[in-house]
$ cat structure00.json   # JSON, C-alpha atoms and all ligand atoms
[["chain", "number", "residue", "atom", "x", "y", "z"],
["A", 1, "MET", "CA", -30.14, -4.45, -2.11],
["A", 2, "ILE", "CA", -26.46, -4.51, -3.06],
["A", 3, "ARG", "CA", -24.86, -7.82, -2.09],
["A", 4, "MET", "CA", -21.32, -7.24, -0.80],
["A", 5, "ILE", "CA", -18.34, -9.29, 0.28],
["A", 6, "MET", "CA", -16.28, -7.59, 2.99],
["A", 7, "SER", "CA", -12.55, -8.27, 2.75],
["A", 8, "GLY", "CA", -10.77, -7.67, 6.07],
["A", 9, "CYS", "CA", -14.18, -7.99, 7.77],
["A", 10, "ASN", "CA", -12.75, -8.63, 11.25],
["A", 11, "GLY", "CA", -10.50, -5.57, 11.33],
["A", 12, "ARG", "CA", -11.29, -2.08, 12.66],
["A", 13, "MET", "CA", -12.35, -0.72, 9.26],
["A", 14, "GLY", "CA", -14.05, -3.97, 8.20],
["A", 15, "GLN", "CA", -16.28, -3.84, 11.28],
["A", 16, "ALA", "CA", -17.05, -0.13, 10.70],
["A", 17, "VAL", "CA", -18.07, -0.82, 7.08],
["A", 18, "VAL", "CA", -20.21, -3.83, 8.08],
["A", 19, "SER", "CA", -22.11, -1.84, 10.69],
["A", 20, "GLN", "CA", -22.66, 1.15, 8.33],
["A", 21, "ALA", "CA", -23.69, -1.21, 5.50],
["A", 22, "GLN", "CA", -26.22, -3.00, 7.69],
["A", 23, "ALA", "CA", -27.61, 0.31, 8.99],
["A", 24, "SER", "CA", -27.91, 1.77, 5.46],
["A", 25, "GLY", "CA", -30.73, -0.50, 4.33],
["A", 26, "LYS", "CA", -29.05, -0.56, 0.89],
["A", 27, "PHE", "CA", -26.47, -3.31, 1.43],
["A", 28, "ILE", "CA", -26.49, -6.90, 2.54],
["A", 29, "VAL", "CA", -23.16, -8.45, 3.57],
["A", 30, "VAL", "CA", -23.26, -11.96, 2.07],
["A", 31, "ALA", "CA", -19.77, -13.07, 3.14],
["A", 32, "GLY", "CA", -16.60, -11.92, 4.83],
["A", 33, "TYR", "CA", -12.98, -12.69, 4.01],
["A", 34, "ASP", "CA", -10.32, -12.46, 6.69],
["A", 35, "SER", "CA", -7.16, -14.41, 7.51],
["A", 36, "PHE", "CA", -8.39, -14.21, 11.10],
["A", 37, "ALA", "CA", -11.56, -16.14, 10.23],
["A", 38, "GLU", "CA", -13.56, -15.69, 13.43],
["A", 39, "LYS", "CA", -17.30, -15.16, 12.88],
["A", 40, "LYS", "CA", -18.15, -11.81, 14.52],
["A", 41, "ASN", "CA", -21.31, -11.00, 12.54],
["A", 42, "ASP", "CA", -24.32, -12.74, 11.04],
["A", 43, "PHE", "CA", -22.60, -13.72, 7.77],
["A", 44, "PRO", "CA", -20.08, -16.49, 7.02],
["A", 45, "VAL", "CA", -16.37, -15.59, 7.20],
["A", 46, "TYR", "CA", -13.77, -17.37, 5.05],
["A", 47, "SER", "CA", -9.98, -17.40, 5.31],
["A", 48, "ALA", "CA", -9.58, -18.43, 1.65],
["A", 49, "LEU", "CA", -11.26, -16.68, -1.26],
["A", 50, "ASP", "CA", -11.91, -19.91, -3.19],
["A", 51, "GLN", "CA", -14.20, -21.03, -0.34],
["A", 52, "ILE", "CA", -16.64, -18.19, -1.08],
["A", 53, "THR", "CA", -19.64, -19.49, -3.02],
["A", 54, "GLU", "CA", -22.12, -16.70, -2.20],
["A", 55, "GLU", "CA", -23.35, -14.55, -5.11],
["A", 56, "ALA", "CA", -22.35, -10.89, -4.77],
["A", 57, "ASP", "CA", -22.43, -7.53, -6.60],
["A", 58, "VAL", "CA", -19.29, -5.94, -5.16],
["A", 59, "VAL", "CA", -16.26, -6.52, -2.91],
["A", 60, "ILE", "CA", -15.00, -3.88, -0.47],
["A", 61, "ASP", "CA", -11.45, -4.38, 0.80],
["A", 62, "PHE", "CA", -9.90, -2.89, 3.93],
["A", 63, "SER", "CA", -7.31, -5.55, 4.80],
["A", 64, "ASN", "CA", -3.62, -5.68, 3.96],
["A", 65, "ILE", "CA", -1.49, -5.65, 0.78],
["A", 66, "SER", "CA", -0.69, -9.34, 1.38],
["A", 67, "ALA", "CA", -4.32, -9.97, 0.29],
["A", 68, "THR", "CA", -4.40, -7.70, -2.78],
["A", 69, "GLU", "CA", -3.08, -10.03, -5.48],
["A", 70, "ALA", "CA", -5.42, -12.91, -4.59],
["A", 71, "LEU", "CA", -8.30, -10.46, -4.31],
["A", 72, "LEU", "CA", -7.66, -9.05, -7.79],
["A", 73, "GLU", "CA", -7.64, -12.57, -9.25],
["A", 74, "PHE", "CA", -10.82, -13.51, -7.36],
["A", 75, "CYS", "CA", -12.72, -10.39, -8.51],
["A", 76, "GLN", "CA", -11.51, -10.78, -12.09],
["A", 77, "SER", "CA", -12.54, -14.45, -12.25],
["A", 78, "ARG", "CA", -15.98, -13.66, -10.72],
["A", 79, "LYS", "CA", -16.39, -10.39, -12.74],
["A", 80, "LEU", "CA", -16.96, -8.54, -9.46],
["A", 81, "PRO", "CA", -16.39, -4.77, -9.09],
["A", 82, "LEU", "CA", -13.81, -4.06, -6.38],
["A", 83, "VAL", "CA", -13.45, -1.14, -3.96],
["A", 84, "LEU", "CA", -9.81, -1.19, -2.91],
["A", 85, "ALA", "CA", -9.23, 0.87, 0.24],
["A", 86, "THR", "CA", -6.21, -0.98, 1.64],
["A", 87, "THR", "CA", -3.21, 1.36, 1.73],
["A", 88, "GLY", "CA", 0.42, 0.75, 0.77],
["A", 89, "ILE", "CA", -0.25, -0.57, -2.76],
["A", 90, "ALA", "CA", 2.70, 0.46, -4.96],
["A", 91, "GLY", "CA", 5.15, -0.71, -7.63],
["A", 92, "GLU", "CA", 4.36, -3.99, -9.41],
["A", 93, "LEU", "CA", 1.24, -4.51, -7.27],
["A", 94, "GLU", "CA", -0.13, -1.16, -8.42],
["A", 95, "GLN", "CA", 0.57, -2.15, -12.04],
["A", 96, "LYS", "CA", -1.40, -5.35, -11.42],
["A", 97, "VAL", "CA", -4.30, -3.25, -10.07],
["A", 98, "LEU", "CA", -4.24, -1.15, -13.26],
["A", 99, "ARG", "CA", -4.13, -4.24, -15.50],
["A", 100, "THR", "CA", -7.06, -5.79, -13.60],
["A", 101, "ALA", "CA", -9.02, -2.54, -13.99],
["A", 102, "GLU", "CA", -8.96, -3.13, -17.76],
["A", 103, "MET", "CA", -11.15, -6.18, -17.09],
["A", 104, "ILE", "CA", -13.35, -5.17, -14.12],
["A", 105, "PRO", "CA", -14.29, -1.85, -12.45],
["A", 106, "VAL", "CA", -11.82, -1.07, -9.64],
["A", 107, "PHE", "CA", -12.33, 1.91, -7.35],
["A", 108, "LYS", "CA", -9.06, 2.68, -5.56],
["A", 109, "SER", "CA", -8.45, 5.39, -3.02],
["A", 110, "PHE", "CA", -6.07, 5.48, -0.07],
["A", 111, "ASN", "CA", -8.53, 7.87, 1.57],
["A", 112, "MET", "CA", -12.29, 7.48, 1.18],
["A", 113, "SER", "CA", -13.20, 10.86, 2.72],
["A", 114, "LEU", "CA", -14.74, 13.62, 0.59],
["A", 115, "GLY", "CA", -12.88, 16.19, 2.76],
["A", 116, "ILE", "CA", -9.51, 14.76, 1.74],
["A", 117, "SER", "CA", -10.59, 14.94, -1.88],
["A", 118, "LEU", "CA", -11.24, 18.68, -1.37],
["A", 119, "LEU", "CA", -7.90, 19.06, 0.47],
["A", 120, "GLN", "CA", -6.11, 17.60, -2.56],
["A", 121, "ALA", "CA", -7.79, 20.14, -4.84],
["A", 122, "LEU", "CA", -6.71, 22.98, -2.50],
["A", 123, "VAL", "CA", -3.14, 21.61, -2.38],
["A", 124, "ARG", "CA", -3.02, 21.51, -6.19],
["A", 125, "GLN", "CA", -4.07, 25.18, -6.23],
["A", 126, "ALA", "CA", -1.63, 26.22, -3.48],
["A", 127, "ALA", "CA", 1.27, 24.44, -5.22],
["A", 128, "LYS", "CA", 0.44, 26.28, -8.44],
["A", 129, "VAL", "CA", 0.52, 29.69, -6.70],
["A", 130, "LEU", "CA", 3.31, 29.12, -4.14],
["A", 131, "GLY", "CA", 5.32, 26.11, -5.36],
["A", 132, "ASP", "CA", 8.11, 28.04, -7.11],
["A", 133, "THR", "CA", 9.32, 29.70, -3.92],
["A", 134, "TYR", "CA", 7.71, 28.02, -0.90],
["A", 135, "ASP", "CA", 9.00, 24.74, 0.57],
["A", 136, "ILE", "CA", 6.42, 21.97, 0.93],
["A", 137, "GLU", "CA", 6.28, 19.65, 3.95],
["A", 138, "ILE", "CA", 3.54, 17.13, 4.73],
["A", 139, "ILE", "CA", 2.83, 15.78, 8.22],
["A", 140, "GLU", "CA", 0.52, 12.85, 8.88],
["A", 141, "LYS", "CA", -0.54, 11.41, 12.25],
["A", 142, "HIS", "CA", -2.16, 8.02, 12.92],
["A", 143, "HIS", "CA", -2.85, 5.53, 15.74],
["A", 144, "ASN", "CA", -0.12, 3.23, 17.02],
["A", 145, "GLN", "CA", -1.55, 0.11, 15.30],
["A", 146, "LYS", "CA", -1.03, 1.39, 11.74],
["A", 147, "LEU", "CA", 1.42, -0.79, 9.79],
["A", 148, "ASP", "CA", 2.47, 1.38, 6.82],
["A", 149, "ALA", "CA", 4.24, 4.74, 6.90],
["A", 150, "PRO", "CA", 3.91, 7.30, 5.54],
["A", 151, "SER", "CA", 0.16, 7.00, 5.01],
["A", 152, "GLY", "CA", -1.18, 6.45, 1.50],
["A", 153, "THR", "CA", -3.02, 9.75, 1.94],
["A", 154, "ALA", "CA", 0.23, 11.64, 2.59],
["A", 155, "ILE", "CA", 1.56, 10.24, -0.70],
["A", 156, "MET", "CA", -1.67, 11.27, -2.48],
["A", 157, "ILE", "CA", -1.26, 14.82, -1.10],
["A", 158, "ALA", "CA", 2.38, 14.92, -2.27],
["A", 159, "GLN", "CA", 1.27, 13.75, -5.72],
["A", 160, "ALA", "CA", -1.43, 16.47, -5.78],
["A", 161, "ALA", "CA", 1.24, 19.10, -5.08],
["A", 162, "ALA", "CA", 3.65, 17.54, -7.60],
["A", 163, "ALA", "CA", 1.00, 17.73, -10.33],
["A", 164, "SER", "CA", 1.08, 21.56, -10.12],
["A", 165, "LEU", "CA", 4.85, 22.10, -9.74],
["A", 166, "ASN", "CA", 7.16, 23.21, -12.55],
["A", 167, "PHE", "CA", 9.72, 20.59, -11.48],
["A", 168, "GLU", "CA", 9.85, 16.91, -10.52],
["A", 169, "PRO", "CA", 9.96, 16.89, -6.68],
["A", 170, "GLU", "CA", 11.93, 14.37, -4.63],
["A", 171, "TYR", "CA", 10.01, 12.88, -1.67],
["A", 172, "VAL", "CA", 12.19, 12.89, 1.48],
["A", 173, "TYR", "CA", 11.11, 10.74, 4.43],
["A", 174, "ASP", "CA", 14.26, 10.88, 6.55],
["A", 175, "ARG", "CA", 16.77, 13.67, 7.05],
["A", 176, "THR", "CA", 19.04, 11.83, 9.49],
["A", 177, "LYS", "CA", 21.44, 10.46, 6.85],
["A", 178, "ALA", "CA", 22.03, 13.53, 4.65],
["A", 179, "HIS", "CA", 23.98, 16.32, 6.37],
["A", 180, "GLN", "CA", 23.01, 18.99, 3.91],
["A", 181, "LYS", "CA", 20.59, 21.88, 3.48],
["A", 182, "ARG", "CA", 17.11, 21.21, 2.25],
["A", 183, "ASP", "CA", 16.80, 21.40, -1.54],
["A", 184, "HIS", "CA", 13.80, 23.39, -2.78],
["A", 185, "LYS", "CA", 12.79, 20.48, -5.01],
["A", 186, "GLU", "CA", 12.18, 18.25, -1.98],
["A", 187, "ILE", "CA", 8.80, 17.49, -0.45],
["A", 188, "GLY", "CA", 9.34, 16.34, 3.15],
["A", 189, "ILE", "CA", 6.86, 13.69, 4.34],
["A", 190, "HIS", "CA", 6.68, 12.88, 8.06],
["A", 191, "ALA", "CA", 4.76, 10.20, 9.97],
["A", 192, "VAL", "CA", 3.69, 10.49, 13.62],
["A", 193, "ARG", "CA", 2.32, 7.33, 15.32],
["A", 194, "GLY", "CA", 0.59, 7.15, 18.67],
["A", 195, "GLY", "CA", -2.51, 6.36, 20.71],
["A", 196, "THR", "CA", -5.81, 6.24, 18.89],
["A", 197, "ILE", "CA", -5.48, 9.07, 16.32],
["A", 198, "VAL", "CA", -7.90, 8.22, 13.47],
["A", 199, "GLY", "CA", -5.98, 10.22, 10.85],
["A", 200, "GLU", "CA", -4.64, 13.77, 10.53],
["A", 201, "HIS", "CA", -2.95, 15.37, 7.52],
["A", 202, "GLU", "CA", -1.34, 18.76, 7.05],
["A", 203, "ALA", "CA", 0.26, 20.19, 3.93],
["A", 204, "MET", "CA", 2.52, 23.14, 4.80],
["A", 205, "PHE", "CA", 3.69, 25.69, 2.25],
["A", 206, "ILE", "CA", 6.57, 27.39, 4.02],
["A", 207, "GLY", "CA", 7.75, 30.68, 2.57],
["A", 208, "PRO", "CA", 9.68, 33.72, 3.65],
["A", 209, "ASN", "CA", 7.79, 35.13, 6.66],
["A", 210, "GLU", "CA", 4.64, 33.04, 6.34],
["A", 211, "ILE", "CA", 3.34, 29.47, 6.44],
["A", 212, "VAL", "CA", 0.16, 28.39, 4.67],
["A", 213, "THR", "CA", -1.24, 25.20, 6.21],
["A", 214, "ILE", "CA", -4.04, 23.13, 4.69],
["A", 215, "GLY", "CA", -5.26, 20.43, 7.05],
["A", 216, "HIS", "CA", -7.78, 17.66, 7.57],
["A", 217, "SER", "CA", -8.69, 15.76, 10.70],
["A", 218, "ALA", "CA", -10.69, 12.54, 10.54],
["A", 219, "GLN", "CA", -12.88, 12.23, 13.63],
["A", 220, "SER", "CA", -14.04, 8.63, 13.22],
["A", 221, "ARG", "CA", -13.69, 5.54, 11.03],
["A", 222, "GLU", "CA", -17.35, 5.89, 9.94],
["A", 223, "LEU", "CA", -16.15, 8.65, 7.62],
["A", 224, "PHE", "CA", -14.07, 6.17, 5.58],
["A", 225, "ALA", "CA", -16.70, 3.43, 5.88],
["A", 226, "ASN", "CA", -19.39, 5.72, 4.43],
["A", 227, "GLY", "CA", -17.08, 6.83, 1.62],
["A", 228, "ALA", "CA", -16.31, 3.20, 0.74],
["A", 229, "LEU", "CA", -20.03, 2.35, 0.63],
["A", 230, "LYS", "CA", -20.70, 5.37, -1.64],
["A", 231, "ALA", "CA", -17.81, 4.16, -3.85],
["A", 232, "ALA", "CA", -19.37, 0.68, -3.92],
["A", 233, "GLU", "CA", -22.77, 2.07, -4.97],
["A", 234, "PHE", "CA", -20.99, 4.13, -7.62],
["A", 235, "ILE", "CA", -19.11, 1.24, -9.26],
["A", 236, "VAL", "CA", -22.08, -1.10, -9.07],
["A", 237, "ALA", "CA", -23.96, 1.53, -11.10],
["A", 238, "ASN", "CA", -20.98, 2.24, -13.44],
["A", 239, "ARG", "CA", -19.90, -1.23, -14.44],
["A", 240, "LYS", "CA", -17.49, -0.11, -17.17],
["A", 241, "PRO", "CA", -14.08, -1.71, -16.46],
["A", 242, "MET", "CA", -11.61, 1.03, -15.50],
["A", 243, "ILE", "CA", -9.84, 2.49, -12.52],
["A", 244, "TYR", "CA", -12.02, 4.96, -10.57],
["A", 245, "ASN", "CA", -11.07, 7.30, -7.73],
["A", 246, "MET", "CA", -12.64, 9.91, -5.42],
["A", 247, "ASP", "CA", -12.63, 12.57, -8.15],
["A", 248, "ASP", "CA", -15.03, 10.37, -10.18],
["A", 249, "LEU", "CA", -17.28, 9.90, -7.15],
["A", 250, "VAL", "CA", -17.28, 13.62, -6.28],
["A", 251, "ALA", "CA", -18.09, 14.47, -9.93],
["A", 252, "SER", "CA", -21.02, 12.02, -9.85],
["A", 253, "LEU", "CA", -22.41, 13.64, -6.66],
["A", 254, "SER", "CA", -22.12, 17.26, -7.82],
["B", 1, "LIG", "N1", -8.73, 4.16, 2.13],
["B", 1, "LIG", "C1", -9.13, 4.61, 3.32],
["B", 1, "LIG", "O1", -9.90, 5.57, 3.42],
["B", 1, "LIG", "C2", -8.64, 3.93, 4.58],
["B", 1, "LIG", "C3", -9.05, 4.37, 5.84],
["B", 1, "LIG", "C4", -8.63, 3.68, 6.97],
["B", 1, "LIG", "C5", -7.80, 2.57, 6.83],
["B", 1, "LIG", "N2", -7.39, 2.18, 5.58],
["B", 1, "LIG", "C6", -6.55, 1.00, 5.37],
["B", 1, "LIG", "O2", -7.36, -0.16, 5.48],
["B", 1, "LIG", "C7", -6.54, -1.25, 5.90],
["B", 1, "LIG", "C8", -7.14, -1.90, 7.14],
["B", 1, "LIG", "O3", -7.11, -0.98, 8.21],
["B", 1, "LIG", "P1", -7.63, -1.43, 9.68],
["B", 1, "LIG", "O4", -7.34, -0.28, 10.57],
["B", 1, "LIG", "O5", -9.03, -1.96, 9.58],
["B", 1, "LIG", "O6", -6.62, -2.62, 9.99],
["B", 1, "LIG", "P2", -6.88, -3.88, 10.93],
["B", 1, "LIG", "O7", -5.52, -4.45, 11.19],
["B", 1, "LIG", "O8", -7.74, -3.52, 12.09],
["B", 1, "LIG", "O9", -7.72, -4.89, 10.01],
["B", 1, "LIG", "C9", -7.18, -5.60, 8.92],
["B", 1, "LIG", "C10", -7.92, -6.91, 8.81],
["B", 1, "LIG", "O10", -7.47, -7.55, 7.61],
["B", 1, "LIG", "C11", -7.16, -8.92, 7.91],
["B", 1, "LIG", "N3", -6.09, -9.36, 7.02],
["B", 1, "LIG", "C12", -4.77, -9.02, 7.06],
["B", 1, "LIG", "N4", -4.10, -9.63, 6.07],
["B", 1, "LIG", "C13", -5.02, -10.37, 5.38],
["B", 1, "LIG", "C14", -4.94, -11.23, 4.24],
["B", 1, "LIG", "N5", -3.78, -11.45, 3.61],
["B", 1, "LIG", "N6", -6.09, -11.81, 3.82],
["B", 1, "LIG", "C15", -7.26, -11.58, 4.44],
["B", 1, "LIG", "N7", -7.39, -10.80, 5.53],
["B", 1, "LIG", "C16", -6.28, -10.19, 5.97],
["B", 1, "LIG", "C17", -6.72, -8.93, 9.38],
["B", 1, "LIG", "O11", -6.92, -10.22, 9.97],
["B", 1, "LIG", "C18", -7.64, -7.86, 9.99],
["B", 1, "LIG", "O12", -8.86, -8.42, 10.47],
["B", 1, "LIG", "C19", -5.14, -0.66, 6.12],
["B", 1, "LIG", "O13", -4.37, -0.83, 4.95],
["B", 1, "LIG", "C20", -5.43, 0.81, 6.36],
["B", 1, "LIG", "O14", -4.32, 1.64, 6.12],
["B", 1, "LIG", "C21", -7.81, 2.83, 4.46]]

$ encode --input "structure00.json" --output "structure tokens" --more "lines below"
Ligand SMILES: NC(=O)c1ccc[n+]([C@@H]2O[C@H](COP(=O)([O-])OP(=O)(O)OC[C@H]3O[C@@H](n4cnc5c(N)ncnc54)[C@H](O)[C@@H]3O)[C@@H](O)[C@H]2O)c1
Amino acid sequence: MIRMIMSGCNGRMGQAVVSQAQASGKFIVVAGYDSFAEKKNDFPVYSALDQITEEADVVIDFSNISATEALLEFCQSRKLPLVLATTGIAGELEQKVLRTAEMIPVFKSFNMSLGISLLQALVRQAAKVLGDTYDIEIIEKHHNQKLDAPSGTAIMIAQAAAASLNFEPEYVYDRTKAHQKRDHKEIGIHAVRGGTIVGEHEAMFIGPNEIVTIGHSAQSRELFANGALKAAEFIVANRKPMIYNMDDLVASLS
């Protein structure tokens, strides 16, 4: 059995991971970490990481970027592999993630679904074929409780397109300030928020007389929970300190 600590255990994703982990027969949740430290399950929940004394093999995190720095220090000091699924990590915090991954295995993905991994590969290919002439716009849709915008996945899709382009694109999130025509080197990224949408992403390649759309629709949170548990199994088995992502997991499964 893999002993796991669930960070953000009382949130929507935390609860989905806990229930999938318990149903899998492969994981035992030894402790939870959440700033809202109510005990919802049959394991202890702590609001401070230094209170956790349970032995573990891995930490899975679906919480908030306000927790990331402390979590990196905790995992480094306990030599614990970390699956980082919280979105919105960027800038200096991202650099800290990379530095920590020189010491412990860190699996980081803003989207734990295998389908999104495939979508990225298709976007890379489409950008290679169409990127010189077609305009690229990305639309993401999520529930009305989501804090960050655009989604980390939308950024990952933009980066996948950028990797195949012959120029450095500029990401544009807001067209209300600039009264000018769209530049071909822009990638427009748009966030829709409402209701209970789990997560939808569309990459549009818009050319003269045709639009190629590559899309993905997440139907339930279990999708991400299962992906995070697969990622956890993967880094527990591959304990070499480095940064891992979905491409590494997909390669290990194929
Ligand atoms: N990578 C993926 O595939 C994927 C998929 C879905 C959601 N997410 C991300 O996972 C995160 C959580 O999503 P959610 O829908 O479960 O949110 P949520 O708000 O339902 O849950 C977040 C939980 O984290 C706790 N928390 C917040 N700040 C904390 C801190 N500093 N220390 C400890 N606990 C803290 C909250 O109390 C809450 O219980 C978000 O960043 C979301 O974008 C990632």

$ atom_distance --input "structure00.json" --atom1 "atom CA of Val106 of chain A" --atom2 "atom CA of Lys40 of chain A"
27.2 Å

$ residues_near_ligand --input "structure00.json" --ligand "ligand LIG 1 (chain B)" --cutoff "7 Å" --atoms "only C-alpha atoms and all ligand atoms" --output "MDAnalysis selection string"
chainID A and resid 7:14 33:36 47 62:67 85:88 109:113 146 148 221 224

$ closest_residue --input "structure00.json" --among "A:Arg3, A:Lys230, A:Lys39, A:Arg193" --to "Val58 of chain A" --atoms "all atoms listed in the file"
A:Arg3

$ closest_residue --input "structure00.json" --among "A:Val172, A:Leu229, A:Leu72, A:Val129" --to "Val29 of chain A" --atoms "only C-alpha atoms"
A:Leu229

$ closest_residue --input "structure00.json" --among "A:Thr100, A:Thr213, A:Gln95, A:Asn41" --to "Val123 of chain A" --atoms "all atoms listed in the file"
A:Thr213

$ residues_around --input "structure00.json" --residues "Thr133 of chain A" --least-positions-apart "5" --cutoff "9 Å" --atoms "all atoms listed in the file" --output "PyMOL selection string"
chain A and resi 184+206-208

$ atom_distance --input "structure00.json" --atom1 "atom CA of Ile197 of chain A" --atom2 "atom CA of Ala23 of chain A"
24.9 Å

$ closest_residue --input "structure00.json" --among "A:Cys75, A:Met156, A:Ile2, A:Ile235" --to "Ala90 of chain A" --atoms "only C-alpha atoms"
A:Met156

$ atom_distance --input "structure00.json" --atom1 "atom CA of Ala161 of chain A" --atom2 "atom CA of Asp135 of chain A"
11.1 Å

$ closest_residue --input "structure00.json" --among "A:Met246, A:Ile28, A:Met1, A:Ala16" --to "Ser220 of chain A" --atoms "all atoms listed in the file"
A:Ala16

$ closest_residue --input "structure00.json" --among "A:Ile211, A:Ala160, A:Met103, A:Val45" --to "Lys240 of chain A" --atoms "all atoms listed in the file"
A:Met103

$ residues_near_point --input "structure00.json" --point "(9.1, 15.3, -3.3)" --cutoff "7 Å" --atoms "all atoms listed in the file" --output "list in words"
Ala158, Pro169, Glu170, Tyr171, Val172, Lys185, Glu186, Ile187 and Gly188 of chain A

$ residues_near_point --input "structure00.json" --point "(5.5, 22.2, -9.1)" --cutoff "10 Å" --atoms "all atoms listed in the file" --output "PDB file with C-alpha atoms, keeping the file's coordinate frame"
ATOM      1  CA  ARG A 124      -3.020  21.510  -6.190  1.00  0.00           C
ATOM      2  CA  ALA A 126      -1.630  26.220  -3.480  1.00  0.00           C
ATOM      3  CA  ALA A 127       1.270  24.440  -5.220  1.00  0.00           C
ATOM      4  CA  LYS A 128       0.440  26.280  -8.440  1.00  0.00           C
ATOM      5  CA  VAL A 129       0.520  29.690  -6.700  1.00  0.00           C
ATOM      6  CA  LEU A 130       3.310  29.120  -4.140  1.00  0.00           C
ATOM      7  CA  GLY A 131       5.320  26.110  -5.360  1.00  0.00           C
ATOM      8  CA  ASP A 132       8.110  28.040  -7.110  1.00  0.00           C
ATOM      9  CA  THR A 133       9.320  29.700  -3.920  1.00  0.00           C
ATOM     10  CA  ALA A 160      -1.430  16.470  -5.780  1.00  0.00           C
ATOM     11  CA  ALA A 161       1.240  19.100  -5.080  1.00  0.00           C
ATOM     12  CA  ALA A 162       3.650  17.540  -7.600  1.00  0.00           C
ATOM     13  CA  ALA A 163       1.000  17.730 -10.330  1.00  0.00           C
ATOM     14  CA  SER A 164       1.080  21.560 -10.120  1.00  0.00           C
ATOM     15  CA  LEU A 165       4.850  22.100  -9.740  1.00  0.00           C
ATOM     16  CA  ASN A 166       7.160  23.210 -12.550  1.00  0.00           C
ATOM     17  CA  PHE A 167       9.720  20.590 -11.480  1.00  0.00           C
ATOM     18  CA  GLU A 168       9.850  16.910 -10.520  1.00  0.00           C
ATOM     19  CA  PRO A 169       9.960  16.890  -6.680  1.00  0.00           C
ATOM     20  CA  LYS A 185      12.790  20.480  -5.010  1.00  0.00           C
TER      21      LYS A 185
END
